[in-house]
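Visitor: For reference, this is start-v3.json, and it has JSON, C-alpha atoms.
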[["chain", "number", "residue", "atom", "x", "y", "z"],
["C", 97, "MET", "CA", -11.16, -10.40, 12.70],
["C", 98, "THR", "CA", -9.54, -13.56, 11.35],
["C", 99, "ALA", "CA", -5.77, -13.89, 11.08],
["C", 100, "PRO", "CA", -5.64, -13.63, 7.24],
["C", 101, "LEU", "CA", -7.54, -10.34, 7.34],
["C", 102, "LEU", "CA", -5.27, -9.05, 10.09],
["C", 103, "LEU", "CA", -2.26, -9.88, 7.90],
["C", 104, "ILE", "CA", -3.73, -7.93, 4.98],
["C", 105, "LEU", "CA", -4.26, -4.72, 6.98],
["C", 106, "PRO", "CA", -0.54, -3.92, 7.53],
["C", 107, "LEU", "CA", -0.01, -4.36, 3.78],
["C", 108, "LEU", "CA", -2.84, -1.98, 2.85],
["C", 109, "LEU", "CA", -2.45, 0.79, 5.43],
["C", 110, "PRO", "CA", 0.88, 2.13, 4.03],
["C", 111, "CYS", "CA", -1.10, 3.19, 0.94],
["C", 112, "ALA", "CA", -2.80, 5.83, 3.09],
["C", 113, "LEU", "CA", 0.43, 7.46, 4.23],
["C", 114, "PRO", "CA", 1.49, 9.39, 1.06],
["C", 115, "PRO", "CA", -1.60, 11.68, 1.04],
["C", 116, "LEU", "CA", -1.52, 11.95, 4.82],
["C", 117, "ALA", "CA", 2.17, 12.89, 4.71],
["C", 118, "ARG", "CA", 1.56, 15.67, 2.21],
["C", 119, "ARG", "CA", -1.30, 16.95, 4.32],
["C", 120, "ALA", "CA", 0.85, 16.81, 7.45],
["C", 121, "LEU", "CA", 3.51, 18.95, 5.79],
["C", 122, "ASP", "CA", 0.84, 21.53, 4.98],
["C", 123, "ARG", "CA", -0.72, 21.56, 8.44],
["C", 124, "LEU", "CA", 2.20, 20.96, 10.82],
["C", 125, "THR", "CA", 5.44, 22.82, 11.32],
["C", 126, "PRO", "CA", 8.20, 21.36, 9.11],
["C", 127, "VAL", "CA", 10.04, 19.85, 12.09],
["C", 128, "ALA", "CA", 6.89, 18.21, 13.47],
["C", 129, "ALA", "CA", 5.94, 16.92, 10.01],
["C", 130, "LEU", "CA", 9.45, 15.56, 9.45],
["C", 131, "TRP", "CA", 9.60, 13.40, 12.55],
["C", 132, "SER", "CA", 5.93, 12.39, 12.74],
["C", 133, "VAL", "CA", 5.82, 11.24, 9.12],
["C", 134, "THR", "CA", 9.21, 9.51, 9.45],
["C", 135, "GLY", "CA", 8.06, 7.66, 12.55],
["C", 136, "CYS", "CA", 4.85, 6.55, 10.87],
["C", 137, "ALA", "CA", 6.74, 5.41, 7.76],
["C", 138, "VAL", "CA", 9.18, 3.32, 9.79],
["C", 139, "LEU", "CA", 6.43, 1.69, 11.86],
["C", 140, "LEU", "CA", 4.26, 0.96, 8.83],
["C", 141, "ALA", "CA", 7.26, -0.50, 6.99],
["C", 142, "GLY", "CA", 8.10, -2.69, 9.97],
["C", 143, "CYS", "CA", 4.50, -3.89, 10.32],
["C", 144, "SER", "CA", 4.26, -4.77, 6.64],
["C", 145, "ALA", "CA", 7.52, -6.73, 6.82],
["C", 146, "LEU", "CA", 6.27, -8.52, 9.93],
["C", 147, "ALA", "CA", 3.00, -9.38, 8.20],
["C", 148, "LEU", "CA", 4.84, -10.81, 5.18],
["C", 149, "GLY", "CA", 7.14, -12.82, 7.44],
["C", 150, "THR", "CA", 4.20, -14.17, 9.43],
["C", 151, "SER", "CA", 2.45, -15.17, 6.23],
["C", 152, "VAL", "CA", 5.54, -17.02, 4.99],
["C", 153, "LEU", "CA", 5.98, -18.80, 8.32],
["C", 154, "THR", "CA", 2.33, -19.85, 8.39],
["C", 155, "GLY", "CA", 2.57, -21.31, 4.90],
["C", 156, "LEU", "CA", 5.79, -23.16, 5.64],
["C", 157, "LEU", "CA", 4.44, -24.73, 8.83],
["C", 158, "LYS", "CA", 1.49, -26.15, 6.91],
["C", 159, "LEU", "CA", 3.94, -28.33, 4.97],
["C", 160, "PRO", "CA", 4.82, -31.62, 6.73],
["C", 161, "LEU", "CA", 8.58, -31.20, 6.16],
["C", 162, "PHE", "CA", 8.79, -27.78, 7.79],
["C", 163, "ALA", "CA", 6.28, -28.78, 10.46],
["C", 164, "ALA", "CA", 8.62, -31.62, 11.44],
["C", 165, "LEU", "CA", 11.60, -29.25, 11.48],
["C", 166, "GLY", "CA", 9.60, -26.96, 13.76],
["C", 167, "GLU", "CA", 8.89, -29.91, 16.10],
["C", 168, "LEU", "CA", 5.15, -29.69, 15.44],
["C", 169, "VAL", "CA", 3.06, -32.76, 16.26],
["C", 170, "HIS", "CA", 1.01, -32.03, 13.14],
["C", 171, "PRO", "CA", 1.14, -29.38, 10.41],
["C", 172, "LEU", "CA", -0.23, -26.00, 11.35],
["C", 173, "ARG", "CA", -4.00, -25.75, 11.07],
["C", 174, "THR", "CA", -5.63, -22.60, 9.77],
["C", 175, "ALA", "CA", -9.17, -21.62, 8.89],
["C", 176, "SER", "CA", -8.46, -21.03, 5.18],
["C", 177, "ASP", "CA", -6.08, -23.70, 3.88],
["C", 178, "ALA", "CA", -6.64, -22.81, 0.21],
["C", 179, "PHE", "CA", -5.52, -19.22, 0.84],
["C", 180, "VAL", "CA", -2.55, -19.64, 3.15],
["C", 181, "VAL", "CA", -0.04, -21.46, 0.93],
["C", 182, "PRO", "CA", -0.48, -19.21, -2.17],
["C", 183, "ALA", "CA", -0.33, -16.16, 0.10],
["C", 184, "ALA", "CA", 2.89, -17.50, 1.63],
["C", 185, "ILE", "CA", 4.44, -17.94, -1.82],
["C", 186, "VAL", "CA", 3.54, -14.38, -2.83],
["C", 187, "SER", "CA", 4.78, -13.06, 0.52],
["C", 188, "ALA", "CA", 8.08, -14.89, 0.14],
["C", 189, "GLY", "CA", 8.57, -13.34, -3.29],
["C", 190, "ALA", "CA", 7.72, -9.89, -1.96],
["C", 191, "LEU", "CA", 10.13, -10.28, 0.96],
["C", 192, "ALA", "CA", 12.90, -11.44, -1.34],
["C", 193, "GLY", "CA", 12.34, -8.51, -3.70],
["C", 194, "CYS", "CA", 12.27, -5.98, -0.87],
["C", 195, "GLY", "CA", 15.33, -7.52, 0.74],
["C", 196, "TRP", "CA", 17.34, -7.42, -2.49],
["C", 197, "SER", "CA", 16.30, -3.82, -3.17],
["C", 198, "LEU", "CA", 17.20, -2.85, 0.39],
["C", 199, "VAL", "CA", 20.63, -4.48, 0.22],
["C", 200, "ARG", "CA", 21.42, -2.76, -3.08],
["C", 201, "SER", "CA", 20.35, 0.59, -1.66],
["C", 202, "VAL", "CA", 22.43, 0.18, 1.51],
["C", 203, "LEU", "CA", 25.53, -0.81, -0.48],
["C", 204, "GLY", "CA", 25.07, 2.08, -2.91],
["C", 205, "GLN", "CA", 24.56, 4.59, -0.12],
["C", 206, "ALA", "CA", 27.60, 3.25, 1.73],
["C", 207, "ARG", "CA", 29.78, 3.66, -1.37],
["C", 208, "ALA", "CA", 28.50, 7.21, -1.91],
["C", 209, "PHE", "CA", 29.11, 8.05, 1.75],
["C", 210, "ARG", "CA", 32.71, 6.78, 1.64],
["C", 211, "ALA", "CA", 33.34, 8.75, -1.56],
["C", 212, "ALA", "CA", 31.88, 11.93, -0.02],
["C", 213, "ARG", "CA", 33.98, 11.53, 3.15],
["C", 214, "ALA", "CA", 37.11, 10.96, 1.07],
["C", 215, "GLU", "CA", 36.36, 14.08, -0.98],
["C", 216, "ALA", "CA", 35.77, 16.12, 2.18],
["C", 217, "ALA", "CA", 39.06, 14.90, 3.62],
["C", 218, "CYS", "CA", 40.86, 16.62, 0.74],
["C", 219, "GLY", "CA", 39.24, 20.02, 1.39],
["C", 220, "ALA", "CA", 40.25, 22.92, 3.57],
["C", 221, "VAL", "CA", 38.69, 22.56, 7.02],
["C", 222, "ALA", "CA", 37.78, 25.35, 9.42],
["C", 223, "GLY", "CA", 35.72, 24.12, 12.36],
["C", 224, "ASP", "CA", 32.76, 22.22, 10.95],
["C", 225, "LEU", "CA", 33.15, 23.85, 7.52],
["C", 226, "CYS", "CA", 34.91, 22.03, 4.70],
["C", 227, "VAL", "CA", 35.63, 23.93, 1.48],
["C", 228, "ILE", "CA", 36.41, 21.85, -1.61],
["C", 229, "ASP", "CA", 38.14, 23.40, -4.58],
["C", 230, "SER", "CA", 35.78, 22.42, -7.39],
["C", 231, "SER", "CA", 34.10, 23.92, -10.44],
["C", 232, "ARG", "CA", 30.90, 22.10, -9.47],
["C", 233, "PRO", "CA", 28.58, 24.31, -7.35],
["C", 234, "ASP", "CA", 27.40, 22.25, -4.40],
["C", 235, "ALA", "CA", 26.73, 22.46, -0.67],
["C", 236, "TYR", "CA", 25.50, 19.82, 1.73],
["C", 237, "ALA", "CA", 25.61, 18.58, 5.32],
["C", 238, "LEU", "CA", 27.71, 15.43, 5.60],
["C", 239, "PRO", "CA", 27.06, 13.28, 8.69],
["C", 240, "GLY", "CA", 29.76, 11.30, 10.42],
["C", 241, "ARG", "CA", 32.41, 11.86, 13.04],
["C", 242, "PRO", "CA", 32.83, 14.74, 12.90],
["C", 243, "HIS", "CA", 29.89, 16.23, 11.02],
["C", 244, "ARG", "CA", 30.90, 18.47, 8.16],
["C", 245, "VAL", "CA", 29.23, 21.29, 6.25],
["C", 246, "VAL", "CA", 30.71, 20.78, 2.78],
["C", 247, "VAL", "CA", 30.67, 23.59, 0.22],
["C", 248, "THR", "CA", 32.57, 23.96, -3.04],
["C", 249, "THR", "CA", 34.44, 27.06, -4.13],
["C", 250, "ALA", "CA", 32.15, 27.34, -7.16],
["C", 251, "MET", "CA", 29.12, 27.58, -4.86],
["C", 252, "LEU", "CA", 30.78, 30.21, -2.71],
["C", 253, "ARG", "CA", 31.55, 32.29, -5.79],
["C", 254, "SER", "CA", 27.88, 32.06, -6.83],
["C", 255, "LEU", "CA", 26.67, 33.85, -3.68],
["C", 256, "ASP", "CA", 27.39, 37.13, -1.97],
["C", 257, "GLY", "CA", 28.40, 37.40, 1.69],
["C", 258, "PRO", "CA", 24.95, 37.45, 3.35],
["C", 259, "GLU", "CA", 23.73, 34.68, 1.05],
["C", 260, "ARG", "CA", 26.69, 32.53, 2.00],
["C", 261, "GLU", "CA", 25.83, 33.06, 5.65],
["C", 262, "ALA", "CA", 22.23, 31.94, 5.01],
["C", 263, "LEU", "CA", 23.41, 28.91, 3.04],
["C", 264, "LEU", "CA", 25.79, 27.79, 5.77],
["C", 265, "ALA", "CA", 23.09, 28.36, 8.41],
["C", 266, "HIS", "CA", 20.81, 26.09, 6.38],
["C", 267, "GLU", "CA", 23.37, 23.29, 6.25],
["C", 268, "ARG", "CA", 24.23, 23.66, 9.94],
["C", 269, "ALA", "CA", 20.52, 23.38, 10.73],
["C", 270, "HIS", "CA", 20.53, 19.95, 9.03],
["C", 271, "THR", "CA", 23.42, 18.86, 11.22],
["C", 272, "ALA", "CA", 21.94, 20.26, 14.43],
["C", 273, "GLY", "CA", 18.55, 18.75, 13.66],
["C", 274, "ARG", "CA", 19.97, 15.27, 12.89],
["C", 275, "HIS", "CA", 17.98, 15.27, 9.67],
["C", 276, "HIS", "CA", 20.20, 12.55, 8.17],
["C", 277, "TYR", "CA", 18.56, 10.03, 10.50],
["C", 278, "ALA", "CA", 15.12, 10.83, 9.10],
["C", 279, "LEU", "CA", 16.39, 10.69, 5.51],
["C", 280, "ALA", "CA", 18.10, 7.34, 6.09],
["C", 281, "ALA", "CA", 14.97, 5.93, 7.76],
["C", 282, "ALA", "CA", 12.83, 7.14, 4.86],
["C", 283, "GLU", "CA", 15.18, 5.43, 2.39],
["C", 284, "LEU", "CA", 14.96, 2.14, 4.28],
["C", 285, "ALA", "CA", 11.17, 2.32, 4.63],
["C", 286, "ALA", "CA", 10.79, 3.01, 0.90],
["C", 287, "HIS", "CA", 12.34, -0.37, 0.13],
["C", 288, "CYS", "CA", 10.04, -2.23, 2.52],
["C", 289, "HIS", "CA", 6.76, -1.26, 0.83],
["C", 290, "PRO", "CA", 6.15, 0.30, -2.62],
["C", 291, "ALA", "CA", 3.50, 2.68, -1.26],
["C", 292, "LEU", "CA", 6.10, 4.29, 1.00],
["C", 293, "ARG", "CA", 8.35, 5.40, -1.87],
["C", 294, "PRO", "CA", 6.48, 8.71, -2.46],
["C", 295, "VAL", "CA", 6.76, 9.43, 1.27],
["C", 296, "ARG", "CA", 10.54, 9.58, 0.86],
["C", 297, "ALA", "CA", 10.22, 12.78, -1.22],
["C", 298, "THR", "CA", 7.84, 14.32, 1.34],
["C", 299, "ILE", "CA", 10.26, 13.59, 4.17],
["C", 300, "ARG", "CA", 13.12, 15.12, 2.19],
["C", 301, "LEU", "CA", 11.03, 18.24, 1.54],
["C", 302, "ALA", "CA", 10.13, 18.44, 5.24],
["C", 303, "ALA", "CA", 13.84, 18.26, 6.17],
["C", 304, "GLU", "CA", 14.70, 21.04, 3.72],
["C", 305, "ARG", "CA", 11.86, 23.26, 4.91],
["C", 306, "ALA", "CA", 12.85, 22.68, 8.54],
["C", 307, "ALA", "CA", 16.41, 23.78, 7.70],
["C", 308, "ASP", "CA", 15.06, 26.75, 5.72],
["C", 309, "GLU", "CA", 13.07, 27.95, 8.72],
["C", 310, "ALA", "CA", 16.03, 27.48, 11.07],
["C", 311, "ALA", "CA", 18.31, 29.40, 8.70],
["C", 312, "ALA", "CA", 15.78, 32.23, 8.43],
["C", 313, "VAL", "CA", 15.70, 32.51, 12.22],
["C", 314, "SER", "CA", 19.51, 32.36, 12.39],
["C", 315, "VAL", "CA", 20.13, 35.19, 9.89],
["C", 316, "GLY", "CA", 16.97, 37.07, 10.85],
["C", 317, "ASP", "CA", 15.79, 37.56, 7.27],
["C", 318, "ARG", "CA", 13.35, 35.25, 5.48],
["C", 319, "ARG", "CA", 13.75, 37.00, 2.12],
["C", 320, "LEU", "CA", 17.53, 36.72, 2.27],
["C", 321, "THR", "CA", 17.24, 33.01, 3.04],
["C", 322, "ALA", "CA", 14.82, 32.52, 0.16],
["C", 323, "ARG", "CA", 17.16, 34.35, -2.21],
["C", 324, "ALA", "CA", 20.17, 32.31, -1.07],
["C", 325, "ILE", "CA", 18.28, 29.02, -1.55],
["C", 326, "ALA", "CA", 17.08, 30.06, -5.00],
["C", 327, "ARG", "CA", 20.50, 31.21, -6.19],
["C", 328, "ALA", "CA", 22.18, 28.08, -4.81],
["C", 329, "ALA", "CA", 19.66, 25.91, -6.63],
["C", 330, "LEU", "CA", 20.17, 27.77, -9.91],
["C", 331, "ALA", "CA", 23.94, 27.49, -9.58],
["C", 332, "GLY", "CA", 23.91, 23.80, -8.76],
["C", 333, "GLN", "CA", 21.17, 22.52, -11.05],
["C", 334, "ALA", "CA", 23.55, 21.63, -13.88],
["C", 335, "ALA", "CA", 25.92, 19.52, -11.77],
["C", 336, "ARG", "CA", 24.94, 17.22, -8.92],
["C", 337, "SER", "CA", 27.45, 15.36, -6.79],
["C", 338, "ALA", "CA", 27.23, 11.66, -6.02],
["C", 339, "ARG", "CA", 26.68, 12.29, -2.33],
["C", 340, "PRO", "CA", 24.51, 9.82, -0.37],
["C", 341, "GLY", "CA", 20.78, 10.43, -0.19],
["C", 342, "PHE", "CA", 20.90, 11.00, 3.56],
["C", 343, "ALA", "CA", 23.30, 13.95, 3.15],
["C", 344, "PRO", "CA", 20.84, 16.85, 2.67],
["C", 345, "GLY", "CA", 21.73, 19.86, 0.55],
["C", 346, "ALA", "CA", 20.23, 23.32, 0.26],
["C", 347, "ALA", "CA", 19.72, 23.08, -3.50],
["C", 348, "THR", "CA", 17.67, 19.86, -3.43],
["C", 349, "GLY", "CA", 13.93, 19.29, -3.47],
["C", 350, "PRO", "CA", 11.19, 21.47, -4.99],
["C", 351, "VAL", "CA", 12.98, 24.80, -4.53],
["C", 352, "PRO", "CA", 10.10, 27.02, -5.79],
["C", 353, "GLN", "CA", 7.80, 25.55, -3.15],
["C", 354, "ARG", "CA", 10.43, 26.13, -0.46],
["C", 355, "VAL", "CA", 11.04, 29.70, -1.57],
["C", 356, "GLN", "CA", 7.30, 30.41, -1.57],
["C", 357, "ALA", "CA", 7.04, 29.04, 1.98],
["C", 358, "LEU", "CA", 9.86, 31.34, 3.11],
["C", 359, "LEU", "CA", 8.27, 34.37, 1.49],
["C", 360, "THR", "CA", 4.94, 33.62, 3.17],
["C", 361, "ALA", "CA", 4.57, 34.50, 6.81],
["C", 362, "PRO", "CA", 4.09, 31.38, 9.00],
["C", 363, "ARG", "CA", 0.51, 30.83, 10.09],
["C", 364, "ALA", "CA", -0.84, 28.94, 13.07],
["C", 365, "ARG", "CA", -2.97, 26.03, 11.86],
["C", 366, "THR", "CA", -5.09, 23.44, 13.59],
["C", 367, "ALA", "CA", -3.55, 20.02, 13.04],
["C", 368, "ARG", "CA", -5.52, 17.76, 15.37],
["C", 369, "ALA", "CA", -7.28, 15.90, 12.57],
["C", 370, "ILE", "CA", -4.16, 15.02, 10.61],
["C", 371, "CYS", "CA", -2.32, 13.99, 13.79],
["C", 372, "ALA", "CA", -5.24, 11.76, 14.77],
["C", 373, "LEU", "CA", -5.27, 10.13, 11.32],
["C", 374, "LEU", "CA", -1.53, 9.47, 11.39],
["C", 375, "ILE", "CA", -1.76, 7.94, 14.86],
["C", 376, "ALA", "CA", -4.83, 5.88, 13.98],
["C", 377, "CYS", "CA", -3.30, 4.53, 10.77],
["C", 378, "THR", "CA", -0.06, 3.54, 12.48],
["C", 379, "ALA", "CA", -1.73, 2.14, 15.59],
["C", 380, "LEU", "CA", -4.13, 0.02, 13.55],
["C", 381, "SER", "CA", -1.26, -1.44, 11.56],
["C", 382, "CYS", "CA", 0.75, -2.21, 14.69],
["C", 383, "VAL", "CA", -2.23, -3.82, 16.45],
["C", 384, "ALA", "CA", -3.11, -5.91, 13.39],
["C", 385, "ALA", "CA", 0.46, -7.11, 12.90],
["C", 386, "ALA", "CA", 0.94, -7.88, 16.59],
["C", 387, "THR", "CA", -2.41, -9.68, 16.89],
["C", 388, "SER", "CA", -1.84, -11.82, 13.81],
["C", 389, "THR", "CA", 1.65, -12.74, 15.01],
["C", 390, "ALA", "CA", 0.31, -13.69, 18.43],
["C", 391, "ASP", "CA", -2.43, -15.77, 16.77],
["C", 392, "VAL", "CA", 0.14, -17.70, 14.71],
["C", 393, "HIS", "CA", 2.28, -18.22, 17.83],
["C", 394, "HIS", "CA", -0.75, -19.62, 19.64],
["C", 395, "ARG", "CA", -1.50, -22.00, 16.76],
["C", 396, "VAL", "CA", 2.12, -23.16, 16.75],
["C", 397, "GLU", "CA", 1.92, -23.94, 20.46],
["C", 398, "ILE", "CA", -1.21, -26.00, 19.82],
["C", 399, "ALA", "CA", 0.46, -27.85, 16.93],
["C", 400, "GLN", "CA", 3.44, -28.58, 19.15],
["C", 401, "GLY", "CA", 1.11, -30.18, 21.65],
["C", 402, "GLU", "CA", 2.04, -27.70, 24.40],
["C", 403, "GLU", "CA", -1.60, -26.88, 25.09],
["C", 404, "SER", "CA", -4.96, -28.09, 23.91],
["C", 405, "PRO", "CA", -7.07, -26.05, 21.43]]
If you convert what's in this file into structure tokens, what do you get?
Guide:
Amino acid sequence: MTAPLLLILPLLLPCALPPLARRALDRLTPVAALWSVTGCAVLLAGCSALALGTSVLTGLLKLPLFAALGELVHPLRTASDAFVVPAAIVSAGALAGCGWSLVRSVLGQARAFRAARAEAACGAVAGDLCVIDSSRPDAYALPGRPHRVVVTTAMLRSLDGPEREALLAHERAHTAGRHHYALAAAELAAHCHPALRPVRATIRLAAERAADEAAAVSVGDRRLTARAIARAALAGQAARSARPGFAPGAATGPVPQRVQALLTAPRARTARAICALLIACTALSCVAAATSTADVHHRVEIAQGEESP
């Protein structure tokens, strides 16, 4: 395949991940779906960014000014001159847009994280549990040093004793499973390619379902866990806190779907096909991005006069 076609592949393949991610969540265990889909999203986002950067570099090195700055003997030569420069302009615009969106997201998440940590610092702490006196029902796992399971007094009043135990087990499962890393990675990937934005919701759902399953095992009652999740969601639906997106909470996501999954006995399912598709999609993107980058590097060496064509 030619270099331009190889550069297009990493930009198209992320479009296949949203349906594959939903299918993976249906066929795999929630934990396996969470980390496999997150890994694929990060790799596909990185490959698309690399493809855009390679396209911009190729276009710039075809211009005499930038070729001279790059110490090229002559401007970079490519097979399709009429395509490269317009593609580089579009790629530069896409990179700038993604970069600006990513910076805004990081700054917003950082502000929300600082606000959440400051709020937790004012609460009553017992071990990893932080209770905040508030009329807003809420509960979430707050990463940091140390990790905190944050719950408001209004949320505690909304649940009975066993339900509180299930809720806290859910939040502790987020902390133990390091789910905030997957949620943060999904947020970053979503700003690198528009097709990866729907995957962010699937990853969040996978994290919540993984915590639901862990809580059900911890309390030994799937129906109790389902009831606690449902009541927490009903209590907290009217008032959401400004916590960062990577701080998962029991009342977030499509709660009816989560409750239905808890009330349904887990079934063993064959997942070889979906795993193969995820691996193939990601591997093809990585190979295409790496090959196109190596091809451009080879052309630059030729243009620098370091070796003959």
Visitor: Neighbouring residues of Leu146 of chain C were defined as those with any atom within 9 Å, considering all atoms listed in the file; residues of the same chain fewer than 6 positions away were excluded. Please report them as a short mmCIF file (atom, residue, chain, number, x, y, z; two decimals) with C-alpha atoms, keeping the file's coordinate frame.
Guide:
data_model
loop_
_atom_site.label_atom_id
_atom_site.label_comp_id
_atom_site.auth_asym_id
_atom_site.auth_seq_id
_atom_site.Cartn_x
_atom_site.Cartn_y
_atom_site.Cartn_z
CA LEU C 103 -2.26 -9.88 7.90
CA PRO C 106 -0.54 -3.92 7.53
CA ALA C 385 0.46 -7.11 12.90
CA ALA C 386 0.94 -7.88 16.59
CA THR C 389 1.65 -12.74 15.01
#
Visitor: Output as a Markdown table one row per residue of segment 293-328 of chain C within 7 Å of segment 262-278 of chain C: the closest atom pair and its distance in Å to one decimal place, counting all atoms listed in the file, sorted by chain and residue number ascending.
Guide:
| residue | atom | partner | partner_atom | distance |
| --- | --- | --- | --- | --- |
| C:Ala303 | CA | C:His275 | CA | 6.2 |
| C:Ala307 | CA | C:Ala269 | CA | 5.1 |
| C:Asp308 | CA | C:His266 | CA | 5.8 |
| C:Ala310 | CA | C:Ala269 | CA | 6.1 |
| C:Ala311 | CA | C:His266 | CA | 4.8 |
| C:Ser314 | CA | C:Ala265 | CA | 6.7 |
| C:Val315 | CA | C:Ala262 | CA | 6.2 |
| C:Thr321 | CA | C:Ala262 | CA | 5.5 |
| C:Ala324 | CA | C:Leu263 | CA | 6.2 |
| C:Ile325 | CA | C:Leu263 | CA | 6.9 |
Visitor: Would you please work out which residue, of C:Val202, C:Leu284, C:Leu373, C:Leu252, is nearest to Asp229 of chain C when using only C-alpha atoms?
Guide: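 Going through C:Val202, C:Leu284, C:Leu373, C:Leu252 one by one, the smallest distance to Asp229 of chain C is for C:Leu252.
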Visitor: Report the distance between atom CA of Leu148 of chain C and atom CA of Leu380 of chain C in Å, rounded to one decimal place.
Guide: 16.4 Å
Visitor: Glu304 of chain C: which residues within 9 Å, counting all atoms listed in the file, same-chain residues fewer than 6 positions away excluded, as a list in words?
Guide: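 Returned residues: Pro126, His266, His270, His275, Pro344, Gly345, Ala346, Thr348, Gly349 and Arg354 of chain C.
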Visitor: Go ahead and write the residues just picked, C-alpha atoms, as a PDB file, in the coordinates of the input.
Guide:
ATOM      1  CA  PRO C 126       8.200  21.360   9.110  1.00  0.00           C
ATOM      2  CA  HIS C 266      20.810  26.090   6.380  1.00  0.00           C
ATOM      3  CA  HIS C 270      20.530  19.950   9.030  1.00  0.00           C
ATOM      4  CA  HIS C 275      17.980  15.270   9.670  1.00  0.00           C
ATOM      5  CA  PRO C 344      20.840  16.850   2.670  1.00  0.00           C
ATOM      6  CA  GLY C 345      21.730  19.860   0.550  1.00  0.00           C
ATOM      7  CA  ALA C 346      20.230  23.320   0.260  1.00  0.00           C
ATOM      8  CA  THR C 348      17.670  19.860  -3.430  1.00  0.00           C
ATOM      9  CA  GLY C 349      13.930  19.290  -3.470  1.00  0.00           C
ATOM     10  CA  ARG C 354      10.430  26.130  -0.460  1.00  0.00           C
TER      11      ARG C 354
END
Visitor: How many Å lie between atom CA of Leu156 of chain C and atom CA of Ile104 of chain C, rounded to one decimal?
Guide: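 About the pair atom CA of Leu156 of chain C and atom CA of Ile104 of chain C: they are 18.0 Å apart.
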Visitor: Can you list, as a list in words, every protein, DNA or RNA residue that comes within 9 Å of Ser132 of chain C when you count only C-alpha atoms, leaving out same-chain residues fewer than 6 positions away?
Guide: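 After dropping sequence-adjacent residues, the list is Ala117, Ala120, Cys371 and Leu374 of chain C.
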Visitor: Keeping only C-alpha atoms, write the selected residues as a JSON list (two decimals), in the coordinates of the input.
Guide:
[["chain", "number", "residue", "atom", "x", "y", "z"],
["C", 117, "ALA", "CA", 2.17, 12.89, 4.71],
["C", 120, "ALA", "CA", 0.85, 16.81, 7.45],
["C", 371, "CYS", "CA", -2.32, 13.99, 13.79],
["C", 374, "LEU", "CA", -1.53, 9.47, 11.39]]
Visitor: Mind giving me the axis-aligned box for segment 221-226 of chain C with 3 Å on every side, centre plus edges in Å to one decimal, as lines of an AutoDock Vina configuration file?
Guide:
center_x = 35.7
center_y = 23.7
center_z = 8.5
size_x = 11.9
size_y = 9.3
size_z = 13.7
Visitor: Might you pull out every residue within 8 Å of Arg296 of chain C, with only C-alpha atoms counted and same-chain residues fewer than 3 positions away left off, and present them as a PyMOL selection string?
Guide: chain C and resi 279+282-283+286+292-293+299-300
Visitor: Grab the atom CA of Ala250 of chain C to atom CA of Ala343 of chain C distance for me, in Å with one decimal place.
Guide: 19.1 Å
Visitor: Quick one: everything within 12 Å of Ala369 of chain C, counting all atoms listed in the file, minus sequence neighbours fewer than 4 positions away in the same chain. Send it as a list in words.
Guide: Leu116, Arg119, Ala120, Arg123, Leu124, Arg365, Leu373, Leu374, Ile375 and Ala376 of chain C
Visitor: Would you mind telling me which residue in C:Pro242, C:Ser388, C:Val181, C:Leu320 lies nearest to Asp256 of chain C when using all atoms listed in the file?
Guide: C:Leu320
